[in-house]
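Only one structure is covered here, and it is reproduced in the block below.
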Amino acid sequence: LEPLVNDGPFGALVAYMRGQALQAEENFCEAASALEVAARELPEPLSQQIWLELSECYRRAGFIHQAVNSLGSARGAAKTPASEPGEKL
């Protein structure tokens, strides 16, 4: 997938669609990066669904700690997941 030169005001939505396309290609690490941008920038309740998808990407990529934290964000436990093991939310 080629990145758009200028995503403009739709950058978060473009990141979400890019993340979904990368998931379909089973490129879970890059999908997670795109979905995290979208989840941080888009409002609830849409962001909750994206955090859930992000959790699944992390799980399938083998990053269990990040998957659990993203799942917590999807359920409203935190707005952003801890990025490193042991990092507080």
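Just remember, in the structure tokens the first chain shown is A, the second B, etc., residues are 1-based per chain, and ligands are 1-based in the order shown.
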Could you list, as a PyMOL selection string, every residue within 7 Å of A:Tyr58, counting only C-alpha atoms and ignoring same-chain residues fewer than 4 positions away? chain A and resi 28+32+54+62-64+66-67
Go ahead and save the residues from that selection, with all heavy atoms, as a tab-separated table (two decimals), in the first residue's frame.
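Below is the file that was written, result.tsv:
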chain	number	residue	atom	x	y	z
A	28	PHE	N	0.45	-7.71	10.27
A	28	PHE	CA	-0.12	-7.24	11.52
A	28	PHE	C	0.71	-6.15	12.20
A	28	PHE	O	0.15	-5.28	12.86
A	28	PHE	CB	-0.37	-8.41	12.45
A	28	PHE	CG	-1.34	-9.40	11.87
A	28	PHE	CD1	-0.91	-10.66	11.47
A	28	PHE	CD2	-2.66	-9.05	11.65
A	28	PHE	CE1	-1.80	-11.55	10.90
A	28	PHE	CE2	-3.55	-9.93	11.08
A	28	PHE	CZ	-3.12	-11.19	10.70
A	32	ALA	N	-0.96	-2.61	12.91
A	32	ALA	CA	-1.05	-2.07	14.27
A	32	ALA	C	-0.61	-0.62	14.32
A	32	ALA	O	-1.24	0.21	15.00
A	32	ALA	CB	-0.22	-2.92	15.23
A	54	LEU	N	-7.02	-3.25	16.99
A	54	LEU	CA	-5.60	-3.10	17.29
A	54	LEU	C	-5.14	-4.22	18.23
A	54	LEU	O	-4.07	-4.80	18.05
A	54	LEU	CB	-5.35	-1.73	17.91
A	54	LEU	CG	-3.92	-1.41	18.32
A	54	LEU	CD1	-2.97	-1.51	17.14
A	54	LEU	CD2	-3.86	-0.01	18.93
A	62	GLY	N	2.06	-11.38	18.01
A	62	GLY	CA	2.80	-11.95	19.12
A	62	GLY	C	3.14	-10.98	20.24
A	62	GLY	O	3.89	-11.31	21.14
A	63	PHE	N	2.54	-9.78	20.21
A	63	PHE	CA	2.79	-8.78	21.24
A	63	PHE	C	1.63	-8.80	22.25
A	63	PHE	O	0.74	-7.96	22.21
A	63	PHE	CB	2.94	-7.39	20.62
A	63	PHE	CG	4.08	-7.29	19.66
A	63	PHE	CD1	3.86	-7.16	18.30
A	63	PHE	CD2	5.39	-7.33	20.11
A	63	PHE	CE1	4.91	-7.08	17.41
A	63	PHE	CE2	6.45	-7.25	19.23
A	63	PHE	CZ	6.22	-7.12	17.87
A	64	ILE	N	1.67	-9.77	23.13
A	64	ILE	CA	0.55	-10.03	24.03
A	64	ILE	C	0.32	-8.88	25.01
A	64	ILE	O	-0.82	-8.50	25.28
A	64	ILE	CB	0.77	-11.35	24.79
A	64	ILE	CG1	0.94	-12.51	23.79
A	64	ILE	CG2	-0.37	-11.62	25.77
A	64	ILE	CD1	-0.18	-12.66	22.79
A	66	GLN	N	0.90	-5.65	24.65
A	66	GLN	CA	0.23	-4.56	23.95
A	66	GLN	C	-1.21	-4.94	23.60
A	66	GLN	O	-2.10	-4.09	23.62
A	66	GLN	CB	0.99	-4.15	22.69
A	66	GLN	CG	2.29	-3.45	22.98
A	66	GLN	CD	3.47	-4.41	23.16
A	66	GLN	OE1	3.32	-5.59	23.39
A	66	GLN	NE2	4.68	-3.86	23.07
A	67	ALA	N	-1.43	-6.22	23.29
A	67	ALA	CA	-2.79	-6.68	22.96
A	67	ALA	C	-3.72	-6.51	24.16
A	67	ALA	O	-4.84	-6.01	24.03
A	67	ALA	CB	-2.75	-8.14	22.52
Spatial neighbours of stretch 14-23 of chain A, 10 Å, only C-alpha atoms, chain gap at least 2 places, as a VMD selection string: chain A and resid 1 to 4 7 to 12 25 to 39 41 to 42 47 50 53 to 54 56 to 57 60
Give the answer as one residue: which of A:Arg40, A:Leu13, A:Pro45, A:Leu52 has the shortest atom-to-atom distance to A:Leu71, using only C-alpha atoms? A:Leu52
